Structures are given as C-alpha cells and as structure tokens.
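Down below is the structure, laid out as structure tokens.
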Amino acid sequence: HSFPTRRSSDLATREYAALKRFDGVNAVSEPLAEVLLRSGIAAHAISNGVELNKFYPALDLNHIRALRANFGWPPDAVVVLHTGVLRNLKNPIEVVTGFRASELSRSGFLVFAGDGPLRAECERAAGGVSNIVFLGQRRDVPDLLRTADILISASSSEGLSNALLEGCASGIRVLATDIPPHRYIQKMFPDQVRIFGRGDRKSTRLNSSHLGIS
C-alpha cells in the first residue's frame with residue numbers, strides 16, 4: 001500500500017473503508033502506519049526488507065569497470081539508474097527531462113531498467129540521445145545497482161520503496177522526491193540519500209552538485 005495522491009483519493013477512501021473492517025493491518029513502513037492510524041485504522045509497521053545476499057556493494061573499482069564493460073557502458077561516466085515500472089506514479093518523464101536539463105547530461109549516462117505504459121513517451125522525451133538508454137525488464141538489477149553511481153526516484157507516492165532500500169544496500173547514492181517514505185529512508189541512510197522537490201528540474205542538478213558529481 002502507498003500514500004494516496006489527489007488522483008487516487010476516491011479509491012483510497014474506498015480502500016480505507018474496507019481496511020477499517022479488519023482487527024489489524026500491517027503497513028510496510030512507520031510513516032504509512034501513522035497515516036492509517038490517523039484514519040482510524042488499527043495499523044502497525046512491519047517494514048520491507050532487502051535480500052543482502054543479492055544486494056551488496058561492488059567489490060572495488062575493477063569490479064565496477066568489469067560490469068560496465070559487460071553492459072557496454074562508459075567506464076568513467078556518472079551512471080544514473082532508474083528502476084521500476086514506467087508509469088504515472090513513478091514520474092519517469094520528469095527523470096528524463098530533469099537529466100537533460102542538468103549538467104550531468106553532458107557527461108553522464110541515464111539508464112532505465114523496467115518497462116511500462118510510459119516507455120514510448122519517455123523515449124520521445126529522451127530525443128534519441130545516446131546517453132539515455134531503456135533496457136526494459138531485467139533480472140540483473142543487483143548488478144545494475146552495483147555498477148551505477150546514483151539511483152533516482154521521482155515517485156509521487158510509495159509505501160516503503162524497496163528500490164531505494166536496494167540502492168542503499170548496494171552502497172550507491174540515492175536522489176529521491178520529497179515524500180514521507182523517502183524522508184524515512186533518508187533518516188536510515190543519511191549519508192546516501194538526498195531529497196529533491198518534484199517538478200523542480202534545478203533540484204536534481206543542485207543535489208547532484210552536493211554529491212560531488214556535477
């Protein structure tokens with residue numbers, strides 16, 4: 001379950017009404033449990049977890065370069081990775097336009113691992129540039145994370161993002177939108193996670209600069 005948006009408010013109202021019929025509800029994060037409690041739903045948090053035998057940092061720089069060679073990626077470019085379904089809730093088009101407007105677009109490399117209804121629109125927004133690639137569905141996301149420099153999420157709503165947790169477990173930096181579940185993960189990994197405001201393309205550039213990669 002994720003935080004309701006204005007577009008999904010009617011659906012959320014119906015879902016909340018159904019949840020109130022249960023004696024207890026498990027939420028995937030403390031922020032979501034708090035939202036449910038405020039709505040009169042008996043909820044407690046059992047947070048999502050990560051398989052640490054799959055998601056772990058690269059061994060060293062040689063390991064990263066070997067993975068990049070296998071993927072055909074530039075060995076020294078800053079690689080920004082987006083994982084997940086390309087749909088409205090994830091705002092992948094904002095990731096494309098934000099990247100193209102940032103300083104990273106000159107020397108960075110943006111990778112989308114995942115498919116969805118907005119893929120064609122994302123590809124049009126990318127304009128055919130060679131440093132934005134769409135991989136479709138992948139089974140090697142742990143290796144993609146190990147070879148990336150940054151994981152980015154522009155989601156407008158989440159329960160508790162497994163993608164961000166996996167990125168943090170993989171030892172890479174994370175740029176994520178300013179929503180409660182992302183701020184919750186930032187508190188867990190303050191040295192890895194940076195928050196930016198949705199719709200502010202300059203935010204991505206500024207956060208990239210703060211990370212020392214612009």
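Chain labels run A, B, ... following the order of the structure tokens; each chain numbers its residues from 1, and ligands are numbered from 1 in the order shown.
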
Practice item. Can you pull out every residue within 12 Å of Leu165 of chain A, counting only C-alpha atoms, but drop anything in the same chain fewer than 2 positions away, and send it as a ChimeraX atom specification? Key: /A:47-52,55-56,83,142,145,151-153,160-163,167-174,176,181-182,184-189,192-193

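In this structure, atom CA of Leu36 of chain A sits 7.9 Å away from atom CA of Tyr16 of chain A.
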
Exercise for review: Could you check which of A:Val111, A:Gln137, A:Ser130, A:Asn91 is closest to Thr177 of chain A, using only C-alpha atoms?
Suggested key: A:Asn91

Review point. Which is closest to Val95 of chain A among A:Val80, A:Leu32, A:Ala113, A:Leu135, if we use only C-alpha atoms?
Key: A:Val80

Review point. Segment 25-85 of chain A: which residues are helix (DSSP H, G or I) by DSSP, as an NGL selection string?
Key: :A and (30-38 or 61-71)

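Distance check against Leu104 of chain A using only C-alpha atoms: of A:Leu118, A:Val78, A:Ala42, A:Leu61, the minimum falls on A:Val78.
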
Check your understanding: Skipping near chain neighbours, those fewer than 4 positions away, what residues fall within 8 Å of Leu89 of chain A using only C-alpha atoms, listed as a PyMOL selection string?
Key -> chain A and resi 155-157

How would the residues just picked look written out with N, CA, C and O atoms as a CSV table (one decimal), in the first residue's frame?
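File written: part-v6.csv
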chain,number,residue,atom,x,y,z
A,155,SER,N,9.1,9.3,-7.7
A,155,SER,CA,7.8,8.8,-7.3
A,155,SER,C,7.0,9.9,-6.5
A,155,SER,O,7.6,10.6,-5.7
A,156,SER,N,5.7,9.9,-6.8
A,156,SER,CA,4.8,10.8,-6.1
A,156,SER,C,4.2,10.1,-4.9
A,156,SER,O,3.6,10.8,-4.0
A,157,SER,N,4.3,8.8,-4.8
A,157,SER,CA,3.7,8.1,-3.7
A,157,SER,C,4.4,6.7,-3.6
A,157,SER,O,4.7,6.1,-4.6

Check your understanding: Of the residues A:Leu37, A:Ala45, A:Ala17, A:Ile64, which is the one nearest to Asp143 of chain A, using only C-alpha atoms?
Key -> A:Ile64

Review point. Separation of atom CA of Trp73 of chain A and atom CA of Gly108 of chain A, in Å?
Key: 10.6 Å

Check your understanding: Hey, what does DSSP flag as strand (DSSP E) within chain A? Can you give it to me as a ChimeraX atom specification?
Key -> /A:25-27,43-45,79-83,109-113,132-136,150-153,173-177,193-196

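Distance check against Lys20 of chain A using only C-alpha atoms: of A:Pro92, A:Arg194, A:Glu34, A:Ser39, the minimum falls on A:Ser39.
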